[in-house]
Each structure stands twice: as C-alpha cells, then as structure tokens.
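Student: The following block contains the structure, expressed as structure tokens.
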Amino acid sequence: MKAAFVLSRGAPLAGMRCVCIFVAILTLLLTGAGVSAAEYELGPMDKLRIKVAEWQTAEGAVREWSSVAGDYTVGPSGSISLPFVGQIPAAGKTTAEIEETIADELQQRFGLLDRPAASVEIIEYRPIFVTGDVQNPGRYPYDPGLTVLRTVSVAGGLRRSADASLRIERDYINAQGNLEVLIAERNRLYARRARLQAEAQGAASITMPEELADLDIAEKLLAEEAGFMEARRKRVELQLEGIEDLKQLLRNEIESLEKKIATQNRQIELSREELKGVGSLAERGLTVNARVLTVEQTIAEMEGKVLDMETAVLRARQDINGAEQDATNLQNDRESEISQQQQETEAKIEALTLQIEMYKKLMAEALSNAPALALEGEDDMNRVILRIVRAADGKTEEIAADQNTAVLPGDVVKVKIPPLLSD
C-alpha cells in the first residue's frame with residue numbers, strides 16, 4: 001500500500017472535523033468519472049475497475065491499497081477474485097453492494113480500526129449479440145442508451161438484397177438509422193457544451209442552447225448535465241473547504257506558539273534578573289558558583305525552547321502558504337480542464353456535423369432514385385420482426401420488440417425480414 005495524500009505538511013494537526021472532510025473528498029475522488037450503474041445488476045463478462053483506500057487515523061493520512069486495485073472481469077460463475085479477499089459473488093448485485101462487501105471483508109480480515117473505502121466502477125458492460133437478417137451479425141460491445149434500431153445500425157443495417165430497388169430501400173433505412181444516432185449524439189454534445197460554457201462563466205444554471213430549444217428531450221439532456229455540473233462544483237468546494245480548515249488549524253497553532261514564546265521570553269527575563277543577583281552574591285562569596293551555573297543552564301534551555309517554537313511558527317506559516325498555493329492550483333486545474341473539454345466538445349460537434357451532412361446526402365440520393373422511400377421506408381422497417389432474448393433470474397425469455405425498445409447488456413437481438421421484404 002502507498003500513501004495517496006497526507007493532510008498536512010508538518011506535524012499532524014487534523015481533528016475529527018478535518019478527517020470527515022477529507023474522507024468525503026476521498027470518496028468523491030474514488031468515484032469520479034465512469035459509467036453510472038447504481039441500479040444495474042452485474043453479470044458474467046462485465047468488466048469492473050476496483051479501487052480501495054483507507055483513512056489511517058494514527059498517521060493522519062489516506063493510503064491506497066494498490067495490491068487490490070485493478071480491473072476485474074466477472075467470470076462465468078458470476079464471481080470475481082480479489083487478493084486477500086478471494087471469491088466475491090457479483091452476478092445479480094449492484095456495484096454499491098460489491099463496494100460494501102469488499103470494505104467489510106478487508107476490515108474483518110486485517111482487523112482494521114477504520115473501515116476502508118472501496119470504489120467499483122463498470123468500465124465495460126457485457127456484450128450484446130445480433131443475429132438474423134442483418135448485414136454483420138455477431139457480438140458487439142454495449143453502450144448505454146442502445147435501442148433496437150441503433151443496434152441494427154451498428155450491425156450494418158438490414159441484410160441487403162440482390163434486387164437493386166430493395167437494396168436502395170435498405171441503404172436508405174440504414175442511413176436513416178445512422179443519421180438518428182449521430183443527431184442524438186450531437187444533441188448530447190450541444191447540452192455538454194452549454195454546461196461547460198456555464199462552468200467557465202461561473203453561472204449557477206445552464207442556458208438552453210438554440211440547437212435544442214425545440215426538442216422534447218432538451219430538458220432531460222440539460223438536467224443530466226446540470227447534475228454533472230453540481231457534482232463537480234461540490235467536489236471543488238469540499239476540497240477548498242478542506243484546505244481552508246487546514247489553514248485555520250495552522251493559524252491557531254501559530255497563535256498558541258506566539259503566546260508560549262511571549263511567556264517563555266518573560267521567564268528568560270526573570271531568570272536573567274535572578275542571574276544578576278546571584279552573580280553579585282557569588283562575587284562577594286555569599287553563594288557558590290554552582291548556583292550561577294544552574295541559572296545559566298536554565299536560561300539556555302528556555303532560549304532553546306523559544307528557538308524551537310519560533311521554528312515551528314515559521315514552518316506553520318510556510319504550510320499556510322503551501323495550502324494557499326494548493327487552492328490556487330485547484331482553481332487553475334479546474335479552469336484548464338473545462339477549457340480542454342470545451343475544445344474537445346467543439347471538435348466532436350464539427351465531426352458529427354460532417355457525418356450528418358454525409359448521411360443526409362446519401363438519403364437524398366436514395367430518394368432521387370426511389371422517391372417512394374420517403375413514404376415507405378419507415379413503414380417497411382416497422383414490418384421487420386424484432387425480438388430480444390434476455391436472461392433474467394436464471395431464466396431466458398424471448399420478448400417482442402420495436403425500433404425504440406431499449407437493449408440491455410447481454411441481450412440477443414433477433415432480426416427477421418418477412419417474405420414481403422426478403423430476397
């Protein structure tokens with residue numbers, strides 16, 4: 001295990017309040033970016049990224065369990081195997097339940113005073129499978145938000161016929177499906193761009209972008225981005241509060257040390273006055289020189305203590321300057337991250353716009369060769385027989401589906417073109 005970070009640069013000063021703040025920060029850092037899977041139930045072939053960190057009260061530090069952290073795949077038996085913990089049943093459980101199990105097992109196995117914090121993130125869902133009358137049947141990675149129509153598009157669209165007119169018809173449908181996928185992705189990017197602009201300007205809310213103003217899904221997209229913005233704002237606020245608490249602790253220590261220095265200096269002055277009197281007596285032979293030596297040693301010891309306390313004050317002031325620099329760096333890093341994400345989002349929007357225009361031209365060309373597609377294409381797609389084979393509670397069932405039916409990880413999508421549309 002190696003240390004992730006320590007609360008202060010000098011001697012440990014954190015109280016219980018500071019501990020709670022930094023543990024909250026740790027939890028946010030462990031669960032930062034990734035696929036949201038609060039209610040998703042795991043299954044074989046799901047890939048997980050696991051991190052574990054422990055707050056050590058005695059050291060005032062957070063330590064990362066690097067020997068446990070890593071990427072794991074849920075095996076055919078429905079479990080994952082972790083160092084020190086062994087086999088953990090994962091199938092049918094959420095990531096939150098796995099986090100609790102890992103933390104409890106590690107605490108019990110090592111007899112830890114403080115319960116470690118575990119983070120389990122889904123980095124790759126189990127794949128989906130497409131079979132039947134599609135261009136490229138097979139296995140495909142799952143992406144959140146997949147529908148049957150998008151799945152068919154990913155598999156190359158409907159199987160093409162040798163007949164030229166039917167081939168044009170199916171190419172039109174494929175282009176239409178891809179166009180819808182790209183437009184949906186661009187709409188999400190429009191919402192993300194609006195959120196990044198709000199963050200860059202320090203705005204409390206996201207302004208509705210013109211591109212989404214007339215869309216029914218606009219409010220939902222902005223609500224999702226608002227959630228991201230609020231989570232990031234809270235994370236930064238917690239980090240800044242932790243730094244400010246550390247600075248206040250250091251200020252309190254400086255104030256206490258300065259009072260001690262003043263008291264010690266007063267005692268030194270009194271001892272020096274005593275030394276004058278004792279020295280005078282010694283010169284007249286009224287006291288022994290040993291007493292003079294004792295007073296001089298006492299003064300030297302007190303002066304040494306004053307020097308130590310002045311050094312501690314200087315160190316604490318240096319730590320305050322360091323904490324202020326950390327706060328500045330935190331703000332600068334956040335601004336830099338937002339700026340970089342803005343550039344990346346703009347580039348993706350431009351690329352998607354070019355692809356959208358390409359598919360629009362392909363659809364226009366298909367319509368020029370087969371004008372009836374404008375009315376019949378969607379109707380023909382609706383006549384395609386779509387079914388999903390899904391495993392649930394240890395049983396497999398086949399359910400009817402349409403173009404907008406949501407596809408889940410592990411699903412098998414079956415596509416069949418009825419005789420009217422087949423070769």
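The chains in the structure tokens are called A, B, ... from first to last as shown; in each chain the residues are counted from 1, and the ligands are counted from 1 in the order shown.
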Give me the region 180-267 of chain A side of the contact with region 295-313 of chain A, cut-off 7 Å, one line per residue showing its nearest atom pair and distance in Å at one decimal, counting only C-alpha atoms, sorted by chain and residue number, as a Markdown table.

Tutor:
| residue | atom | partner | partner_atom | distance |
| --- | --- | --- | --- | --- |
| A:Ile254 | CA | A:Val313 | CA | 5.4 |
| A:Leu257 | CA | A:Met309 | CA | 6.2 |
| A:Ile261 | CA | A:Val306 | CA | 5.7 |
| A:Gln264 | CA | A:Met302 | CA | 6.6 |

Student: Could you give me the residues within region 196-244 of chain A that DSSP places in alpha helix (DSSP H), as a ChimeraX atom specification?

Tutor: /A:196-201,218-244

Student: Just N, CA and C atoms for this one: save the residues we selected as a short mmCIF file (atom, residue, chain, number, x, y, z; two decimals), in the first residue's frame.

Tutor:
data_model
loop_
_atom_site.label_atom_id
_atom_site.label_comp_id
_atom_site.auth_asym_id
_atom_site.auth_seq_id
_atom_site.Cartn_x
_atom_site.Cartn_y
_atom_site.Cartn_z
N LEU A 196 -20.50 23.32 -20.13
CA LEU A 196 -19.12 23.77 -20.00
C LEU A 196 -19.03 25.30 -20.08
N GLN A 197 -19.87 25.90 -20.93
CA GLN A 197 -19.89 27.37 -21.00
C GLN A 197 -20.36 27.96 -19.68
N ALA A 198 -21.37 27.34 -19.07
CA ALA A 198 -21.86 27.83 -17.77
C ALA A 198 -20.79 27.70 -16.70
N GLU A 199 -20.06 26.59 -16.71
CA GLU A 199 -18.99 26.39 -15.72
C GLU A 199 -17.87 27.40 -15.93
N ALA A 200 -17.51 27.64 -17.19
CA ALA A 200 -16.43 28.58 -17.48
C ALA A 200 -16.79 29.99 -17.03
N GLN A 201 -18.08 30.34 -17.12
CA GLN A 201 -18.53 31.68 -16.74
C GLN A 201 -18.91 31.78 -15.26
N ALA A 218 -34.78 18.07 -24.75
CA ALA A 218 -33.83 19.11 -24.31
C ALA A 218 -33.75 19.20 -22.80
N GLU A 219 -34.90 19.24 -22.12
CA GLU A 219 -34.91 19.38 -20.66
C GLU A 219 -34.18 18.23 -19.99
N LYS A 220 -34.38 17.03 -20.49
CA LYS A 220 -33.72 15.86 -19.91
C LYS A 220 -32.20 15.95 -20.08
N LEU A 221 -31.77 16.34 -21.29
CA LEU A 221 -30.33 16.45 -21.54
C LEU A 221 -29.69 17.50 -20.64
N LEU A 222 -30.36 18.64 -20.49
CA LEU A 222 -29.81 19.70 -19.64
C LEU A 222 -29.83 19.30 -18.17
N ALA A 223 -30.85 18.54 -17.77
CA ALA A 223 -30.92 18.08 -16.38
C ALA A 223 -29.75 17.15 -16.06
N GLU A 224 -29.39 16.27 -17.01
CA GLU A 224 -28.24 15.39 -16.80
C GLU A 224 -26.95 16.19 -16.67
N GLU A 225 -26.78 17.18 -17.55
CA GLU A 225 -25.57 17.99 -17.50
C GLU A 225 -25.53 18.84 -16.23
N ALA A 226 -26.71 19.32 -15.79
CA ALA A 226 -26.76 20.09 -14.54
C ALA A 226 -26.31 19.24 -13.36
N GLY A 227 -26.66 17.94 -13.39
CA GLY A 227 -26.20 17.03 -12.34
C GLY A 227 -24.69 16.90 -12.34
N PHE A 228 -24.09 16.79 -13.55
CA PHE A 228 -22.63 16.72 -13.64
C PHE A 228 -22.00 17.99 -13.09
N MET A 229 -22.57 19.15 -13.46
CA MET A 229 -22.01 20.42 -13.02
C MET A 229 -22.08 20.57 -11.50
N GLU A 230 -23.20 20.16 -10.92
CA GLU A 230 -23.36 20.27 -9.46
C GLU A 230 -22.38 19.35 -8.74
N ALA A 231 -22.19 18.14 -9.28
CA ALA A 231 -21.26 17.20 -8.65
C ALA A 231 -19.83 17.74 -8.68
N ARG A 232 -19.44 18.32 -9.81
CA ARG A 232 -18.10 18.87 -9.90
C ARG A 232 -17.94 20.09 -8.98
N ARG A 233 -18.98 20.92 -8.89
CA ARG A 233 -18.92 22.10 -8.02
C ARG A 233 -18.76 21.66 -6.57
N LYS A 234 -19.52 20.66 -6.15
CA LYS A 234 -19.42 20.19 -4.77
C LYS A 234 -18.05 19.59 -4.48
N ARG A 235 -17.51 18.89 -5.45
CA ARG A 235 -16.18 18.30 -5.26
C ARG A 235 -15.14 19.38 -5.02
N VAL A 236 -15.16 20.43 -5.84
CA VAL A 236 -14.19 21.52 -5.69
C VAL A 236 -14.42 22.25 -4.36
N GLU A 237 -15.68 22.48 -4.01
CA GLU A 237 -15.99 23.16 -2.75
C GLU A 237 -15.47 22.37 -1.55
N LEU A 238 -15.65 21.05 -1.58
CA LEU A 238 -15.15 20.23 -0.48
C LEU A 238 -13.63 20.30 -0.37
N GLN A 239 -12.97 20.28 -1.52
CA GLN A 239 -11.51 20.37 -1.49
C GLN A 239 -11.05 21.72 -0.95
N LEU A 240 -11.71 22.79 -1.38
CA LEU A 240 -11.35 24.12 -0.89
C LEU A 240 -11.65 24.27 0.60
N GLU A 241 -12.78 23.69 1.04
CA GLU A 241 -13.11 23.75 2.47
C GLU A 241 -12.06 23.00 3.29
N GLY A 242 -11.61 21.86 2.78
CA GLY A 242 -10.57 21.11 3.48
C GLY A 242 -9.28 21.91 3.59
N ILE A 243 -8.91 22.60 2.50
CA ILE A 243 -7.70 23.43 2.54
C ILE A 243 -7.87 24.58 3.53
N GLU A 244 -9.05 25.21 3.53
CA GLU A 244 -9.30 26.33 4.44
C GLU A 244 -9.26 25.87 5.89
#

Student: Find the residues around region 96-102 of chain A up to 9 Å (only C-alpha atoms counted), leave out those fewer than 5 positions away in its own chain, and share them as number ranges by chain.

Tutor: A: 37-39, 50, 52, 82, 85, 88-90, 107, 116-120

Student: Would you export the selected residues with all heavy atoms as an mmCIF file, in the first residue's frame, please?

Tutor:
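Contents of the output file selection20.cif:
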data_model
loop_
_atom_site.group_PDB
_atom_site.id
_atom_site.type_symbol
_atom_site.label_atom_id
_atom_site.label_comp_id
_atom_site.auth_asym_id
_atom_site.auth_seq_id
_atom_site.Cartn_x
_atom_site.Cartn_y
_atom_site.Cartn_z
ATOM 1 N N ALA A 37 -23.913 3.283 -12.664
ATOM 2 C CA ALA A 37 -24.508 1.948 -12.631
ATOM 3 C C ALA A 37 -25.102 1.655 -11.271
ATOM 4 O O ALA A 37 -24.944 0.568 -10.733
ATOM 5 C CB ALA A 37 -23.461 0.905 -12.990
ATOM 6 N N ALA A 38 -25.804 2.631 -10.696
ATOM 7 C CA ALA A 38 -26.297 2.487 -9.326
ATOM 8 C C ALA A 38 -27.265 1.319 -9.191
ATOM 9 O O ALA A 38 -27.239 0.590 -8.207
ATOM 10 C CB ALA A 38 -26.957 3.785 -8.880
ATOM 11 N N GLU A 39 -28.154 1.101 -10.182
ATOM 12 C CA GLU A 39 -29.160 0.058 -10.071
ATOM 13 C C GLU A 39 -28.861 -1.126 -10.991
ATOM 14 O O GLU A 39 -29.610 -2.087 -11.012
ATOM 15 C CB GLU A 39 -30.537 0.651 -10.421
ATOM 16 C CG GLU A 39 -30.969 1.803 -9.532
ATOM 17 C CD GLU A 39 -31.056 1.407 -8.074
ATOM 18 O OE1 GLU A 39 -31.389 0.238 -7.802
ATOM 19 O OE2 GLU A 39 -30.777 2.247 -7.219
ATOM 20 N N ILE A 50 -11.705 -1.560 -9.785
ATOM 21 C CA ILE A 50 -11.840 -1.504 -8.323
ATOM 22 C C ILE A 50 -10.686 -0.709 -7.730
ATOM 23 O O ILE A 50 -9.523 -0.893 -8.101
ATOM 24 C CB ILE A 50 -11.883 -2.929 -7.726
ATOM 25 C CG1 ILE A 50 -13.131 -3.685 -8.236
ATOM 26 C CG2 ILE A 50 -11.867 -2.878 -6.199
ATOM 27 C CD1 ILE A 50 -13.210 -5.110 -7.782
ATOM 28 N N VAL A 52 -9.397 0.824 -3.731
ATOM 29 C CA VAL A 52 -9.617 0.769 -2.282
ATOM 30 C C VAL A 52 -8.645 1.739 -1.620
ATOM 31 O O VAL A 52 -7.463 1.772 -1.956
ATOM 32 C CB VAL A 52 -9.403 -0.653 -1.722
ATOM 33 C CG1 VAL A 52 -9.593 -0.657 -0.210
ATOM 34 C CG2 VAL A 52 -10.362 -1.639 -2.377
ATOM 35 N N LEU A 82 -10.464 -11.395 -5.746
ATOM 36 C CA LEU A 82 -9.600 -10.292 -5.314
ATOM 37 C C LEU A 82 -8.514 -10.813 -4.386
ATOM 38 O O LEU A 82 -8.757 -11.726 -3.593
ATOM 39 C CB LEU A 82 -10.412 -9.217 -4.577
ATOM 40 C CG LEU A 82 -10.986 -8.069 -5.410
ATOM 41 C CD1 LEU A 82 -12.092 -8.595 -6.322
ATOM 42 C CD2 LEU A 82 -11.524 -6.978 -4.507
ATOM 43 N N VAL A 85 -9.060 -11.147 -0.380
ATOM 44 C CA VAL A 85 -10.498 -11.360 -0.149
ATOM 45 C C VAL A 85 -10.970 -12.691 -0.712
ATOM 46 O O VAL A 85 -11.766 -13.398 -0.105
ATOM 47 C CB VAL A 85 -11.320 -10.206 -0.769
ATOM 48 C CG1 VAL A 85 -12.816 -10.456 -0.594
ATOM 49 C CG2 VAL A 85 -10.924 -8.889 -0.136
ATOM 50 N N ILE A 88 -15.690 -13.312 -4.660
ATOM 51 C CA ILE A 88 -16.830 -12.500 -4.235
ATOM 52 C C ILE A 88 -17.958 -12.695 -5.246
ATOM 53 O O ILE A 88 -17.783 -12.415 -6.434
ATOM 54 C CB ILE A 88 -16.473 -11.007 -4.157
ATOM 55 C CG1 ILE A 88 -15.414 -10.776 -3.091
ATOM 56 C CG2 ILE A 88 -17.709 -10.159 -3.884
ATOM 57 C CD1 ILE A 88 -14.997 -9.330 -2.973
ATOM 58 N N PRO A 89 -19.133 -13.182 -4.828
ATOM 59 C CA PRO A 89 -20.262 -13.306 -5.763
ATOM 60 C C PRO A 89 -20.655 -11.926 -6.278
ATOM 61 O O PRO A 89 -20.827 -10.989 -5.506
ATOM 62 C CB PRO A 89 -21.365 -13.923 -4.900
ATOM 63 C CG PRO A 89 -20.649 -14.559 -3.741
ATOM 64 C CD PRO A 89 -19.452 -13.701 -3.490
ATOM 65 N N ALA A 90 -20.756 -11.784 -7.614
ATOM 66 C CA ALA A 90 -21.075 -10.479 -8.205
ATOM 67 C C ALA A 90 -22.345 -10.513 -9.045
ATOM 68 O O ALA A 90 -23.013 -9.487 -9.185
ATOM 69 C CB ALA A 90 -19.900 -9.992 -9.056
ATOM 70 N N GLN A 107 -11.801 -5.106 6.179
ATOM 71 C CA GLN A 107 -11.748 -4.656 7.573
ATOM 72 C C GLN A 107 -11.693 -5.851 8.525
ATOM 73 O O GLN A 107 -10.919 -5.865 9.494
ATOM 74 C CB GLN A 107 -12.952 -3.771 7.888
ATOM 75 C CG GLN A 107 -12.910 -3.184 9.302
ATOM 76 C CD GLN A 107 -14.082 -2.287 9.600
ATOM 77 O OE1 GLN A 107 -15.149 -2.448 9.015
ATOM 78 N NE2 GLN A 107 -13.904 -1.348 10.504
ATOM 79 N N PRO A 116 -12.064 0.625 5.395
ATOM 80 C CA PRO A 116 -11.589 1.203 4.131
ATOM 81 C C PRO A 116 -12.762 1.572 3.219
ATOM 82 O O PRO A 116 -13.871 1.083 3.393
ATOM 83 C CB PRO A 116 -10.753 0.061 3.529
ATOM 84 C CG PRO A 116 -11.291 -1.179 4.149
ATOM 85 C CD PRO A 116 -11.735 -0.806 5.536
ATOM 86 N N ALA A 117 -12.482 2.452 2.269
ATOM 87 C CA ALA A 117 -13.496 2.867 1.295
ATOM 88 C C ALA A 117 -13.174 2.188 -0.033
ATOM 89 O O ALA A 117 -12.053 2.274 -0.525
ATOM 90 C CB ALA A 117 -13.498 4.382 1.136
ATOM 91 N N ALA A 118 -14.164 1.497 -0.594
ATOM 92 C CA ALA A 118 -13.981 0.793 -1.865
ATOM 93 C C ALA A 118 -14.811 1.471 -2.945
ATOM 94 O O ALA A 118 -15.900 1.962 -2.692
ATOM 95 C CB ALA A 118 -14.387 -0.678 -1.730
ATOM 96 N N SER A 119 -14.265 1.508 -4.158
ATOM 97 C CA SER A 119 -14.973 2.069 -5.310
ATOM 98 C C SER A 119 -14.993 1.016 -6.408
ATOM 99 O O SER A 119 -13.953 0.469 -6.775
ATOM 100 C CB SER A 119 -14.272 3.334 -5.802
ATOM 101 O OG SER A 119 -14.753 3.702 -7.074
ATOM 102 N N VAL A 120 -16.184 0.711 -6.921
ATOM 103 C CA VAL A 120 -16.336 -0.268 -8.002
ATOM 104 C C VAL A 120 -17.011 0.438 -9.178
ATOM 105 O O VAL A 120 -18.133 0.924 -9.049
ATOM 106 C CB VAL A 120 -17.168 -1.486 -7.558
ATOM 107 C CG1 VAL A 120 -17.323 -2.461 -8.719
ATOM 108 C CG2 VAL A 120 -16.505 -2.181 -6.373
#

Student: One number please: CA of Glu124 (chain A) to CA of Asp143 (chain A), in Å, one decimal.

Tutor: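 Here the two named atoms are 8.6 Å from each other.
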
Student: Could you please determine the separation between CA of Ala364 (chain A) and CA of Ala347 (chain A) in Å, to one decimal place?

Tutor: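 CA of Ala347 (chain A) lies 26.0 Å from CA of Ala364 (chain A).
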
Student: Between CA of Val415 (chain A) and CA of Ile356 (chain A), what is the distance in Å, rounded to a tenth?

Tutor: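 Between CA of Val415 (chain A) and CA of Ile356 (chain A) the gap works out to 25.6 Å.
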